[in-house]
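As stored in input-v7.cif (mmCIF, C-alpha atoms):
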data_input
#
loop_
_atom_site.label_atom_id
_atom_site.label_comp_id
_atom_site.auth_asym_id
_atom_site.auth_seq_id
_atom_site.Cartn_x
_atom_site.Cartn_y
_atom_site.Cartn_z
CA MET S 1 51.47 127.75 -29.92
CA PRO S 2 54.27 125.17 -29.58
CA ASP S 3 53.59 121.71 -31.01
CA SER S 4 52.98 119.43 -28.01
CA ASN S 5 54.02 116.45 -30.13
CA VAL S 6 57.55 117.82 -30.40
CA SER S 7 59.96 116.90 -27.59
CA TYR S 8 60.39 119.56 -24.91
CA ALA S 9 64.14 119.70 -25.52
CA ILE S 10 63.67 120.47 -29.20
CA ARG S 11 61.19 123.25 -28.37
CA ALA S 12 63.15 124.71 -25.47
CA TYR S 13 66.77 124.83 -26.63
CA SER S 14 68.75 126.03 -29.61
CA PRO S 15 70.49 123.49 -31.86
CA GLU S 16 73.82 124.72 -30.46
CA ALA S 17 72.71 124.10 -26.87
CA LEU S 18 71.49 120.61 -27.76
CA LYS S 19 74.75 119.72 -29.50
CA GLU S 20 76.63 120.97 -26.44
CA ALA S 21 74.44 118.80 -24.20
CA LEU S 22 75.23 115.70 -26.27
CA ARG S 23 78.92 116.63 -26.22
CA LYS S 24 78.86 116.81 -22.42
CA MET S 25 77.13 113.45 -22.17
CA TYR S 26 79.90 111.91 -24.26
CA LEU S 27 82.53 113.69 -22.15
CA ILE S 28 81.04 112.26 -18.95
CA ARG S 29 80.98 108.72 -20.38
CA LYS S 30 84.53 108.93 -21.75
CA PHE S 31 85.82 110.60 -18.58
CA GLU S 32 84.56 107.80 -16.41
CA GLU S 33 85.77 105.10 -18.77
CA GLY S 34 89.15 106.85 -18.74
CA ALA S 35 89.10 107.02 -14.95
CA GLU S 36 88.23 103.32 -14.74
CA ASP S 37 91.06 102.42 -17.10
CA SER S 38 93.50 104.61 -15.13
CA TYR S 39 92.45 102.87 -11.93
CA MET S 40 93.03 99.44 -13.47
CA ARG S 41 96.50 100.57 -14.59
CA GLY S 42 97.39 101.69 -11.07
CA LEU S 43 97.43 105.41 -11.86
CA ILE S 44 94.58 106.12 -9.42
CA HIS S 45 94.60 104.82 -5.86
CA GLY S 46 91.76 104.28 -3.43
CA THR S 47 88.30 103.91 -4.88
CA MET S 48 85.82 105.76 -7.06
CA HIS S 49 82.09 105.80 -7.73
CA LEU S 50 81.16 105.82 -11.41
CA SER S 51 77.92 107.16 -12.87
CA ILE S 52 78.14 105.47 -16.27
CA GLY S 53 74.53 105.20 -17.46
CA GLN S 54 73.34 108.33 -15.62
CA GLU S 55 74.58 111.01 -18.05
CA ALA S 56 71.15 112.38 -19.00
CA SER S 57 70.34 113.14 -15.37
CA ALA S 58 73.46 115.25 -14.83
CA VAL S 59 73.35 117.19 -18.09
CA GLY S 60 69.58 117.60 -18.28
CA SER S 61 69.41 118.91 -14.72
CA CYS S 62 71.96 121.66 -15.40
CA MET S 63 70.58 122.95 -18.71
CA SER S 64 69.00 126.13 -17.37
CA LEU S 65 71.75 126.95 -14.85
CA THR S 66 74.37 129.70 -15.13
CA ASP S 67 77.72 130.06 -13.37
CA GLU S 68 75.91 132.14 -10.74
CA ASP S 69 73.60 129.22 -9.92
CA LYS S 70 74.92 126.61 -7.52
CA ILE S 71 74.95 122.83 -7.33
CA THR S 72 75.82 120.43 -4.54
CA SER S 73 76.90 116.97 -5.56
CA THR S 74 77.43 113.45 -4.22
CA HIS S 75 80.16 110.82 -3.98
CA ARG S 76 79.05 109.88 -7.53
CA GLY S 77 79.57 113.38 -8.84
CA HIS S 78 81.89 113.39 -11.86
CA GLY S 79 78.97 113.89 -14.24
CA HIS S 80 77.65 116.83 -12.24
CA CYS S 81 81.07 118.50 -12.38
CA ILE S 82 81.30 118.15 -16.17
CA ALA S 83 77.69 119.25 -16.65
CA LYS S 84 78.61 122.41 -14.69
CA ASN S 85 81.58 123.05 -17.02
CA ALA S 86 84.48 121.76 -14.92
CA ASP S 87 87.94 121.54 -16.47
CA LEU S 88 88.70 117.93 -17.39
CA GLY S 89 92.44 118.21 -16.84
CA ARG S 90 92.02 119.60 -13.34
CA MET S 91 89.50 116.83 -12.56
CA PHE S 92 91.90 114.08 -13.61
CA ALA S 93 94.74 115.82 -11.77
CA GLU S 94 92.63 115.65 -8.62
CA PHE S 95 92.03 111.93 -9.26
CA PHE S 96 95.76 111.42 -9.65
CA GLY S 97 96.54 113.38 -6.47
CA ARG S 98 98.40 116.16 -8.28
CA GLU S 99 98.94 119.81 -7.37
CA THR S 100 97.06 121.01 -10.45
CA GLY S 101 93.85 119.32 -9.28
CA TYR S 102 90.81 121.24 -8.08
CA CYS S 103 91.72 120.54 -4.46
CA ARG S 104 95.49 120.47 -5.06
CA GLY S 105 95.32 116.68 -5.05
CA ARG S 106 94.10 116.57 -1.43
CA GLY S 107 90.46 115.71 -2.08
CA GLY S 108 90.36 113.03 -4.74
CA SER S 109 87.34 111.74 -6.63
CA MET S 110 84.71 112.49 -3.99
CA HIS S 111 85.64 116.07 -3.16
CA ILE S 112 85.92 118.00 -6.41
CA ALA S 113 84.61 121.56 -6.11
CA ASP S 114 84.69 124.51 -8.52
CA VAL S 115 83.23 127.56 -6.80
CA GLU S 116 83.84 129.83 -9.81
CA LYS S 117 81.45 127.70 -11.85
CA GLY S 118 78.95 127.41 -8.98
CA ASN S 119 79.89 123.86 -8.03
CA LEU S 120 79.99 123.82 -4.23
CA GLY S 121 81.46 120.36 -4.25
CA ALA S 122 80.96 116.65 -4.21
CA ASN S 123 80.53 114.99 -0.83
CA GLY S 124 81.57 111.64 0.57
CA ILE S 125 78.80 111.78 3.20
CA VAL S 126 75.47 110.32 2.13
CA GLY S 127 73.05 113.25 2.11
CA GLY S 128 75.87 115.64 3.01
CA GLY S 129 75.04 118.08 0.22
CA LEU S 130 71.41 118.59 1.28
CA PRO S 131 71.94 121.04 4.17
CA ILE S 132 74.70 122.80 2.23
CA ALA S 133 72.27 123.41 -0.63
CA VAL S 134 69.72 124.87 1.79
CA GLY S 135 72.39 127.18 3.17
CA ALA S 136 73.39 128.31 -0.34
CA ALA S 137 69.75 128.93 -1.26
CA LEU S 138 69.14 130.87 1.96
CA SER S 139 72.18 133.02 1.18
CA ALA S 140 70.91 133.71 -2.35
CA LYS S 141 67.49 134.71 -1.03
CA ARG S 142 68.86 136.97 1.71
CA LEU S 143 71.27 138.67 -0.70
CA GLY S 144 68.75 138.86 -3.54
CA THR S 145 71.13 137.39 -6.10
CA GLY S 146 68.45 135.50 -8.05
CA ALA S 147 70.61 132.37 -7.99
CA VAL S 148 69.10 128.90 -7.73
CA THR S 149 70.73 125.87 -6.11
CA VAL S 150 70.29 122.38 -7.55
CA CYS S 151 70.95 119.72 -4.93
CA PHE S 152 71.86 116.29 -6.32
CA PHE S 153 71.46 113.29 -4.01
CA GLY S 154 70.97 109.56 -4.39
CA ASP S 155 68.07 107.33 -3.40
CA GLY S 156 70.02 106.17 -0.34
CA ALA S 157 70.00 109.71 1.06
CA ASN S 158 66.20 109.96 1.11
CA ASN S 159 66.10 107.96 4.34
CA GLU S 160 68.66 110.18 6.07
CA GLY S 161 67.53 112.77 8.58
CA ALA S 162 69.31 115.49 6.58
CA PHE S 163 66.89 114.90 3.68
CA HIS S 164 63.81 115.61 5.78
CA GLU S 165 65.40 118.50 7.65
CA ALA S 166 66.57 120.13 4.42
CA LEU S 167 63.24 119.84 2.61
CA ASN S 168 61.36 121.08 5.66
CA MET S 169 63.51 124.19 6.13
CA ALA S 170 63.55 124.94 2.40
CA ALA S 171 59.75 124.82 2.32
CA ILE S 172 59.31 126.94 5.46
CA TRP S 173 61.57 129.67 4.06
CA LYS S 174 60.46 129.23 0.41
CA LEU S 175 64.06 128.92 -0.69
CA PRO S 176 65.25 128.85 -4.34
CA VAL S 177 66.45 125.25 -4.30
CA VAL S 178 65.66 122.22 -6.47
CA PHE S 179 66.21 118.81 -4.89
CA VAL S 180 67.19 116.30 -7.61
CA CYS S 181 67.15 112.67 -6.52
CA GLU S 182 69.10 110.38 -8.84
CA ASN S 183 67.33 107.13 -8.07
CA ASN S 184 69.55 104.38 -9.49
CA LYS S 185 67.66 101.72 -7.52
CA TYR S 186 70.37 100.86 -5.02
CA GLY S 187 71.92 102.50 -1.96
CA MET S 188 75.17 100.52 -2.09
CA SER S 189 73.68 97.02 -2.33
CA THR S 190 70.23 97.70 -0.81
CA SER S 191 67.36 98.21 -3.25
CA THR S 192 64.86 101.01 -2.76
CA GLU S 193 62.08 98.41 -2.64
CA ARG S 194 63.59 97.06 0.59
CA SER S 195 64.57 100.38 2.14
CA THR S 196 61.94 102.99 1.25
CA ALA S 197 58.28 102.90 2.29
CA VAL S 198 56.95 104.93 -0.67
CA LYS S 199 57.04 103.64 -4.23
CA ASN S 200 58.46 106.87 -5.63
CA ILE S 201 60.71 109.13 -3.58
CA ALA S 202 59.07 112.18 -5.16
CA GLU S 203 55.89 111.30 -3.24
CA ARG S 204 57.62 112.57 -0.10
CA ALA S 205 57.43 116.11 -1.45
CA VAL S 206 53.80 116.41 -0.33
CA ALA S 207 54.89 116.19 3.32
CA TYR S 208 56.80 119.43 2.82
CA SER S 209 54.22 121.27 0.72
CA MET S 210 56.26 121.33 -2.47
CA PRO S 211 55.80 119.86 -5.97
CA GLY S 212 57.26 116.42 -6.53
CA VAL S 213 57.64 114.64 -9.86
CA THR S 214 59.19 111.35 -10.99
CA VAL S 215 60.62 111.17 -14.53
CA ASP S 216 62.63 108.83 -16.73
CA GLY S 217 66.15 109.80 -15.74
CA ASN S 218 67.60 108.30 -18.93
CA ASP S 219 65.47 110.63 -21.09
CA PHE S 220 67.35 113.93 -21.45
CA SER S 221 64.24 115.83 -22.51
CA ALA S 222 62.12 114.55 -19.62
CA VAL S 223 64.81 115.46 -17.08
CA ALA S 224 65.36 118.91 -18.54
CA GLU S 225 61.64 119.67 -18.65
CA ALA S 226 61.08 118.71 -15.02
CA VAL S 227 64.15 120.48 -13.64
CA ASP S 228 63.68 123.58 -15.82
CA ALA S 229 60.14 123.98 -14.46
CA ALA S 230 61.43 123.60 -10.90
CA VAL S 231 64.24 126.11 -11.52
CA THR S 232 61.75 128.62 -12.96
CA ARG S 233 59.54 128.18 -9.92
CA ALA S 234 62.48 128.64 -7.55
CA ARG S 235 63.78 131.69 -9.40
CA SER S 236 60.38 133.36 -9.29
CA GLY S 237 60.24 133.09 -5.49
CA ASP S 238 57.74 130.23 -5.21
CA GLY S 239 60.08 127.93 -3.31
CA PRO S 240 61.57 124.45 -3.64
CA SER S 241 60.65 121.37 -5.66
CA LEU S 242 61.64 117.69 -5.64
CA VAL S 243 62.51 115.96 -8.92
CA GLU S 244 63.24 112.23 -8.99
CA ASN S 245 65.24 110.97 -11.98
CA MET S 246 64.82 107.21 -12.36
CA THR S 247 68.12 105.96 -13.73
CA TYR S 248 70.71 103.22 -13.28
CA ARG S 249 74.44 102.88 -12.68
CA TRP S 250 75.93 100.25 -14.93
CA ARG S 251 78.91 99.67 -12.66
CA GLY S 252 78.90 98.64 -9.02
CA HIS S 253 78.58 101.04 -6.13
CA SER S 254 82.37 101.48 -6.10
CA LYS S 255 85.41 99.69 -7.43
CA SER S 256 85.22 97.24 -4.50
CA ASP S 257 81.65 96.20 -5.37
CA ARG S 258 81.42 92.60 -6.59
CA ASN S 259 77.86 93.12 -7.88
CA ARG S 260 76.37 90.01 -6.30
CA TYR S 261 73.03 91.67 -5.53
CA ARG S 262 72.08 92.36 -9.17
CA THR S 263 71.41 89.95 -12.01
CA LYS S 264 73.16 90.14 -15.37
CA GLU S 265 69.72 90.33 -16.95
CA GLU S 266 68.81 93.43 -14.95
CA ILE S 267 72.05 95.19 -15.86
CA ALA S 268 71.65 94.24 -19.53
CA ALA S 269 68.07 95.55 -19.62
CA TRP S 270 69.15 98.93 -18.30
CA THR S 271 72.19 99.05 -20.57
CA GLU S 272 69.81 98.83 -23.51
CA ARG S 273 68.24 102.07 -22.25
CA ASP S 274 71.54 103.90 -22.65
CA PRO S 275 70.74 107.64 -22.45
CA ILE S 276 73.44 108.71 -24.91
CA PRO S 277 72.16 106.89 -28.04
CA ARG S 278 68.65 108.04 -27.05
CA MET S 279 69.83 111.65 -27.00
CA ALA S 280 71.72 111.22 -30.27
CA GLU S 281 68.67 109.71 -31.94
CA LEU S 282 66.49 112.58 -30.69
CA LEU S 283 68.80 115.10 -32.34
CA ILE S 284 69.26 113.09 -35.53
CA SER S 285 65.52 112.52 -35.99
CA ASN S 286 64.89 116.25 -35.58
CA LYS S 287 67.69 117.10 -38.03
CA ILE S 288 69.75 118.88 -35.36
CA VAL S 289 72.80 116.75 -36.16
CA THR S 290 73.82 114.11 -38.67
CA VAL S 291 75.16 110.66 -37.91
CA GLU S 292 78.59 111.88 -38.98
CA GLU S 293 78.41 114.83 -36.58
CA VAL S 294 77.51 112.51 -33.71
CA GLU S 295 80.51 110.32 -34.53
CA ALA S 296 82.70 113.44 -34.60
CA LEU S 297 81.40 114.56 -31.18
CA GLU S 298 82.26 111.16 -29.71
CA ALA S 299 85.73 111.23 -31.26
CA GLU S 300 86.32 114.77 -29.95
CA ALA S 301 85.31 113.64 -26.47
CA GLU S 302 87.77 110.75 -26.59
CA ASP S 303 90.55 113.12 -27.65
CA ALA S 304 89.68 115.61 -24.90
CA ILE S 305 89.90 112.87 -22.27
CA LYS S 306 93.22 111.66 -23.63
CA GLN S 307 94.63 115.18 -23.37
CA ALA S 308 93.23 115.60 -19.84
CA ILE S 309 94.90 112.38 -18.67
CA GLU S 310 98.20 113.46 -20.24
CA PHE S 311 97.94 116.80 -18.40
CA ALA S 312 97.29 115.04 -15.10
CA ASN S 313 100.15 112.58 -15.60
CA ALA S 314 102.57 115.42 -16.31
CA SER S 315 101.49 117.45 -13.27
CA PRO S 316 103.59 117.52 -10.07
CA ALA S 317 102.64 115.63 -6.94
CA PRO S 318 102.25 117.55 -3.67
CA LYS S 319 105.31 117.76 -1.45
CA VAL S 320 105.04 115.61 1.66
CA GLU S 321 106.05 118.49 3.91
CA GLU S 322 103.16 120.56 2.50
CA ALA S 323 100.46 117.94 3.01
CA ALA S 324 98.48 120.20 5.36
CA ARG S 325 98.50 123.19 2.98
CA TYR S 326 95.14 124.16 1.48
CA VAL S 327 93.22 122.18 4.08
CA TYR S 328 91.95 125.48 5.51
CA THR S 329 91.42 128.73 3.65
CA GLU S 330 94.44 130.99 3.52
CA GLU S 331 92.34 134.02 2.64
CA PRO S 332 91.59 136.41 5.55
CA VAL S 333 87.87 136.68 6.32
CA ALA S 334 86.66 140.29 6.35
#
Can the structure in the file be given as structure tokens, please?
Amino acid sequence: MPDSNVSYAIRAYSPEALKEALRKMYLIRKFEEGAEDSYMRGLIHGTMHLSIGQEASAVGSCMSLTDEDKITSTHRGHGHCIAKNADLGRMFAEFFGRETGYCRGRGGSMHIADVEKGNLGANGIVGGGLPIAVGAALSAKRLGTGAVTVCFFGDGANNEGAFHEALNMAAIWKLPVVFVCENNKYGMSTSTERSTAVKNIAERAVAYSMPGVTVDGNDFSAVAEAVDAAVTRARSGDGPSLVENMTYRWRGHSKSDRNRYRTKEEIAAWTERDPIPRMAELLISNKIVTVEEVEALEAEAEDAIKQAIEFANASPAPKVEEAARYVYTEEPVA
């Protein structure tokens, strides 16, 4: 019998898988810091939505997924892309508006998709990924593929009609979908306390006859345990679940956010709950890695981001006369 005093992550995953999870968390952090720096240097135009501080939610939620399984993402989706094994160079190329980007430079930060890896795409519409996830799960059930869809959405989306419609239909049809709410406390500048009637968004699961659980979204093991259980339930044909990861974005809603609705003390308190050192300490204390190996993983992540930015910078920009190319599929539909 497994020792209940040992963290779920240590019991559930191999040392190699846990090292890879920590590596991805570092990659997400360094990617977004690199994106922020590139924006400040004028290499990226427009805006972006950073998820610095939310790395455990993205990586922990994707631990039991394969390339055949699907995810739908949000406007704050860089971490989800990396957790689902996206290519860093192609991601930065998309940021920079280059032809080598995932959407040939046409989509930008909020529209990265990688269908080969099961990433059906980020979405600039609040709650926009919810009905897409239901459609993907319905397709998997009808075709009998065994694939599960994980639908990421933010706390702001839980008051959208699409949220209720999606959960209702998924429950009626017992679809293989896991709804993962990344509750970072604010929908733009409006706190969940002011916008949502229930204390925990996961409580809304009962209205749709599905399990709902709220976990510490900065605890990799807690996230993985909750989502793994929901994925297992979905894969076995028992239908959807709702998992709420309580987390926090260290930066503002977007680059135009002046952060006047949060106190410095609140931000500092959440910064102290940084999920990456917590994950590193979990692995060190269980002798999965050494301090030196953790430092090497961080250094490798920094180097990988540097190379990805260099690739993006060296990539060609789209031709003006071809701006409309790739907007619609060029493949004939059978």
Select from segment 11-99 of chain S every residue with an atom at most 9 Å from any atom of segment 305-323 of chain S, then for each give the shortest pair of atoms and their distance in Å to one decimal, using only C-alpha atoms, rows by chain and rising number, as a tab-separated table.
residue	atom	partner	partner_atom	distance
S:Leu27	CA	S:Ile305	CA	7.4
S:Lys30	CA	S:Ile305	CA	6.7
S:Phe31	CA	S:Ile305	CA	6.0
S:Gly34	CA	S:Ile305	CA	7.0
S:Ala35	CA	S:Ile309	CA	8.7
S:Ser38	CA	S:Ile309	CA	8.7
S:Leu43	CA	S:Asn313	CA	8.5
S:Asp87	CA	S:Ala308	CA	8.6
S:Leu88	CA	S:Ala308	CA	5.7
S:Gly89	CA	S:Ala308	CA	4.1
S:Arg90	CA	S:Ala312	CA	7.2
S:Met91	CA	S:Ala308	CA	8.3
S:Phe92	CA	S:Ala312	CA	5.7
S:Ala93	CA	S:Ala312	CA	4.3
S:Glu94	CA	S:Ala312	CA	8.0
S:Phe95	CA	S:Ala312	CA	8.5
S:Phe96	CA	S:Ala312	CA	6.7
S:Gly97	CA	S:Ala317	CA	6.5
S:Arg98	CA	S:Ala317	CA	4.5
S:Glu99	CA	S:Pro318	CA	5.5
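In this structure, atom CA of Val227 of chain S sits 14.1 Å away from atom CA of His80 of chain S.
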Mind telling me what the PyMOL selection byres ((chain S and resi 165-174) around 12) catches here, as an mmCIF file with C-alpha atoms, in the frame of the given file?
data_model
loop_
_atom_site.group_PDB
_atom_site.id
_atom_site.type_symbol
_atom_site.label_atom_id
_atom_site.label_comp_id
_atom_site.auth_asym_id
_atom_site.auth_seq_id
_atom_site.Cartn_x
_atom_site.Cartn_y
_atom_site.Cartn_z
ATOM 1 C CA GLY S 127 73.050 113.250 2.110
ATOM 2 C CA GLY S 128 75.870 115.640 3.010
ATOM 3 C CA GLY S 129 75.040 118.080 0.220
ATOM 4 C CA LEU S 130 71.410 118.590 1.280
ATOM 5 C CA PRO S 131 71.940 121.040 4.170
ATOM 6 C CA ILE S 132 74.700 122.800 2.230
ATOM 7 C CA ALA S 133 72.270 123.410 -0.630
ATOM 8 C CA VAL S 134 69.720 124.870 1.790
ATOM 9 C CA GLY S 135 72.390 127.180 3.170
ATOM 10 C CA ALA S 136 73.390 128.310 -0.340
ATOM 11 C CA ALA S 137 69.750 128.930 -1.260
ATOM 12 C CA LEU S 138 69.140 130.870 1.960
ATOM 13 C CA SER S 139 72.180 133.020 1.180
ATOM 14 C CA ALA S 140 70.910 133.710 -2.350
ATOM 15 C CA LYS S 141 67.490 134.710 -1.030
ATOM 16 C CA ARG S 142 68.860 136.970 1.710
ATOM 17 C CA VAL S 148 69.100 128.900 -7.730
ATOM 18 C CA THR S 149 70.730 125.870 -6.110
ATOM 19 C CA CYS S 151 70.950 119.720 -4.930
ATOM 20 C CA PHE S 153 71.460 113.290 -4.010
ATOM 21 C CA ALA S 157 70.000 109.710 1.060
ATOM 22 C CA ASN S 158 66.200 109.960 1.110
ATOM 23 C CA ASN S 159 66.100 107.960 4.340
ATOM 24 C CA GLU S 160 68.660 110.180 6.070
ATOM 25 C CA GLY S 161 67.530 112.770 8.580
ATOM 26 C CA ALA S 162 69.310 115.490 6.580
ATOM 27 C CA PHE S 163 66.890 114.900 3.680
ATOM 28 C CA HIS S 164 63.810 115.610 5.780
ATOM 29 C CA LEU S 175 64.060 128.920 -0.690
ATOM 30 C CA PRO S 176 65.250 128.850 -4.340
ATOM 31 C CA VAL S 177 66.450 125.250 -4.300
ATOM 32 C CA VAL S 178 65.660 122.220 -6.470
ATOM 33 C CA PHE S 179 66.210 118.810 -4.890
ATOM 34 C CA VAL S 180 67.190 116.300 -7.610
ATOM 35 C CA ALA S 202 59.070 112.180 -5.160
ATOM 36 C CA ARG S 204 57.620 112.570 -0.100
ATOM 37 C CA ALA S 205 57.430 116.110 -1.450
ATOM 38 C CA VAL S 206 53.800 116.410 -0.330
ATOM 39 C CA ALA S 207 54.890 116.190 3.320
ATOM 40 C CA TYR S 208 56.800 119.430 2.820
ATOM 41 C CA SER S 209 54.220 121.270 0.720
ATOM 42 C CA MET S 210 56.260 121.330 -2.470
ATOM 43 C CA PRO S 211 55.800 119.860 -5.970
ATOM 44 C CA GLY S 212 57.260 116.420 -6.530
ATOM 45 C CA ARG S 233 59.540 128.180 -9.920
ATOM 46 C CA ALA S 234 62.480 128.640 -7.550
ATOM 47 C CA ARG S 235 63.780 131.690 -9.400
ATOM 48 C CA SER S 236 60.380 133.360 -9.290
ATOM 49 C CA GLY S 237 60.240 133.090 -5.490
ATOM 50 C CA ASP S 238 57.740 130.230 -5.210
ATOM 51 C CA GLY S 239 60.080 127.930 -3.310
ATOM 52 C CA PRO S 240 61.570 124.450 -3.640
ATOM 53 C CA SER S 241 60.650 121.370 -5.660
ATOM 54 C CA LEU S 242 61.640 117.690 -5.640
#
### Message
Set the distance at 9 Å and use all atoms listed in the file: which residues neighbour Glu225 of chain S once local chain neighbours fewer than 3 positions away are removed? I'd like the list as a PyMOL selection string.
### Response
chain S and resi 8-9+12+60-61+220-222+228-230
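Once the PyMOL selection byres ((chain S and resi 21-24) around 7) is applied to the depicted file, the selected set reads Ala17, Leu18, Lys19, Glu20, Met25, Tyr26, Leu27, Ile28, Val59, Ile82, Ala83, Met279, Ala280 and Leu297 of chain S.
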Could you dump the residues just selected with C-alpha atoms as a PDB file, keeping the file's coordinate frame?
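Here's the written file selection.pdb:
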ATOM      1  CA  ALA S  17      72.710 124.100 -26.870  1.00  0.00           C
ATOM      2  CA  LEU S  18      71.490 120.610 -27.760  1.00  0.00           C
ATOM      3  CA  LYS S  19      74.750 119.720 -29.500  1.00  0.00           C
ATOM      4  CA  GLU S  20      76.630 120.970 -26.440  1.00  0.00           C
ATOM      5  CA  MET S  25      77.130 113.450 -22.170  1.00  0.00           C
ATOM      6  CA  TYR S  26      79.900 111.910 -24.260  1.00  0.00           C
ATOM      7  CA  LEU S  27      82.530 113.690 -22.150  1.00  0.00           C
ATOM      8  CA  ILE S  28      81.040 112.260 -18.950  1.00  0.00           C
ATOM      9  CA  VAL S  59      73.350 117.190 -18.090  1.00  0.00           C
ATOM     10  CA  ILE S  82      81.300 118.150 -16.170  1.00  0.00           C
ATOM     11  CA  ALA S  83      77.690 119.250 -16.650  1.00  0.00           C
ATOM     12  CA  MET S 279      69.830 111.650 -27.000  1.00  0.00           C
ATOM     13  CA  ALA S 280      71.720 111.220 -30.270  1.00  0.00           C
ATOM     14  CA  LEU S 297      81.400 114.560 -31.180  1.00  0.00           C
TER      15      LEU S 297
END
### Task
Take atom CA of Leu50 of chain S and atom CA of Val150 of chain S and report the distance between them in Å, one decimal.
20.2 Å
### Task
Counting only C-alpha atoms, select every polymer residue within 12 Å of (71.7, 110.1, -9.3) as defined in the file's coordinates, and provide the selection as a VMD selection string.
chain S and resid 49 to 61 73 to 80 127 151 to 158 179 to 187 216 to 218 223 243 to 249 253
Next, write the just-selected residues to a file, as a compact mmCIF listing (two decimals), keeping the file's coordinate frame, keeping C-alpha atoms as the atom set.
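And here's selection_25.txt as it stands now:
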# COMPACT_ATOMS: atom_id res chain seq x y z
CA HIS S 49 82.09 105.80 -7.73
CA LEU S 50 81.16 105.82 -11.41
CA SER S 51 77.92 107.16 -12.87
CA ILE S 52 78.14 105.47 -16.27
CA GLY S 53 74.53 105.20 -17.46
CA GLN S 54 73.34 108.33 -15.62
CA GLU S 55 74.58 111.01 -18.05
CA ALA S 56 71.15 112.38 -19.00
CA SER S 57 70.34 113.14 -15.37
CA ALA S 58 73.46 115.25 -14.83
CA VAL S 59 73.35 117.19 -18.09
CA GLY S 60 69.58 117.60 -18.28
CA SER S 61 69.41 118.91 -14.72
CA SER S 73 76.90 116.97 -5.56
CA THR S 74 77.43 113.45 -4.22
CA HIS S 75 80.16 110.82 -3.98
CA ARG S 76 79.05 109.88 -7.53
CA GLY S 77 79.57 113.38 -8.84
CA HIS S 78 81.89 113.39 -11.86
CA GLY S 79 78.97 113.89 -14.24
CA HIS S 80 77.65 116.83 -12.24
CA GLY S 127 73.05 113.25 2.11
CA CYS S 151 70.95 119.72 -4.93
CA PHE S 152 71.86 116.29 -6.32
CA PHE S 153 71.46 113.29 -4.01
CA GLY S 154 70.97 109.56 -4.39
CA ASP S 155 68.07 107.33 -3.40
CA GLY S 156 70.02 106.17 -0.34
CA ALA S 157 70.00 109.71 1.06
CA ASN S 158 66.20 109.96 1.11
CA PHE S 179 66.21 118.81 -4.89
CA VAL S 180 67.19 116.30 -7.61
CA CYS S 181 67.15 112.67 -6.52
CA GLU S 182 69.10 110.38 -8.84
CA ASN S 183 67.33 107.13 -8.07
CA ASN S 184 69.55 104.38 -9.49
CA LYS S 185 67.66 101.72 -7.52
CA TYR S 186 70.37 100.86 -5.02
CA GLY S 187 71.92 102.50 -1.96
CA ASP S 216 62.63 108.83 -16.73
CA GLY S 217 66.15 109.80 -15.74
CA ASN S 218 67.60 108.30 -18.93
CA VAL S 223 64.81 115.46 -17.08
CA VAL S 243 62.51 115.96 -8.92
CA GLU S 244 63.24 112.23 -8.99
CA ASN S 245 65.24 110.97 -11.98
CA MET S 246 64.82 107.21 -12.36
CA THR S 247 68.12 105.96 -13.73
CA TYR S 248 70.71 103.22 -13.28
CA ARG S 249 74.44 102.88 -12.68
CA HIS S 253 78.58 101.04 -6.13
### Point-to-point distance from atom CA of Gly252 of chain S to atom CA of Ser189 of chain S, Å rounded to tenths
8.6 Å
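Distances from S:Thr145, S:Thr72, S:Ser256, S:Thr263 to Val115 of chain S were compared using all atoms listed in the file, and the smallest one belongs to S:Thr72.
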### Query
Looking at all atoms listed in the file, which of S:Met110, S:Val294, S:Arg258, S:Leu283 is the one that sits closest to Ile125 of chain S?
S:Met110
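For the set S:Ala324, S:Lys264, S:Asp219, S:Ala147, the residue with the smallest atom-to-atom gap to Ser7 of chain S is S:Asp219, counting all atoms listed in the file.
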### Query
Mind listing as a PyMOL selection string all residues within 8 Å of (79.3, 124.2, -7.3), counting all atoms listed in the file?
chain S and resi 70-73+81+84+113-121
Saved selection, atoms kept: C-alpha atoms, as a PDB file, in the frame of the given file:
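To be explicit, this is the file written out as part-v2.pdb:
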ATOM      1  CA  LYS S  70      74.920 126.610  -7.520  1.00  0.00           C
ATOM      2  CA  ILE S  71      74.950 122.830  -7.330  1.00  0.00           C
ATOM      3  CA  THR S  72      75.820 120.430  -4.540  1.00  0.00           C
ATOM      4  CA  SER S  73      76.900 116.970  -5.560  1.00  0.00           C
ATOM      5  CA  CYS S  81      81.070 118.500 -12.380  1.00  0.00           C
ATOM      6  CA  LYS S  84      78.610 122.410 -14.690  1.00  0.00           C
ATOM      7  CA  ALA S 113      84.610 121.560  -6.110  1.00  0.00           C
ATOM      8  CA  ASP S 114      84.690 124.510  -8.520  1.00  0.00           C
ATOM      9  CA  VAL S 115      83.230 127.560  -6.800  1.00  0.00           C
ATOM     10  CA  GLU S 116      83.840 129.830  -9.810  1.00  0.00           C
ATOM     11  CA  LYS S 117      81.450 127.700 -11.850  1.00  0.00           C
ATOM     12  CA  GLY S 118      78.950 127.410  -8.980  1.00  0.00           C
ATOM     13  CA  ASN S 119      79.890 123.860  -8.030  1.00  0.00           C
ATOM     14  CA  LEU S 120      79.990 123.820  -4.230  1.00  0.00           C
ATOM     15  CA  GLY S 121      81.460 120.360  -4.250  1.00  0.00           C
TER      16      GLY S 121
END
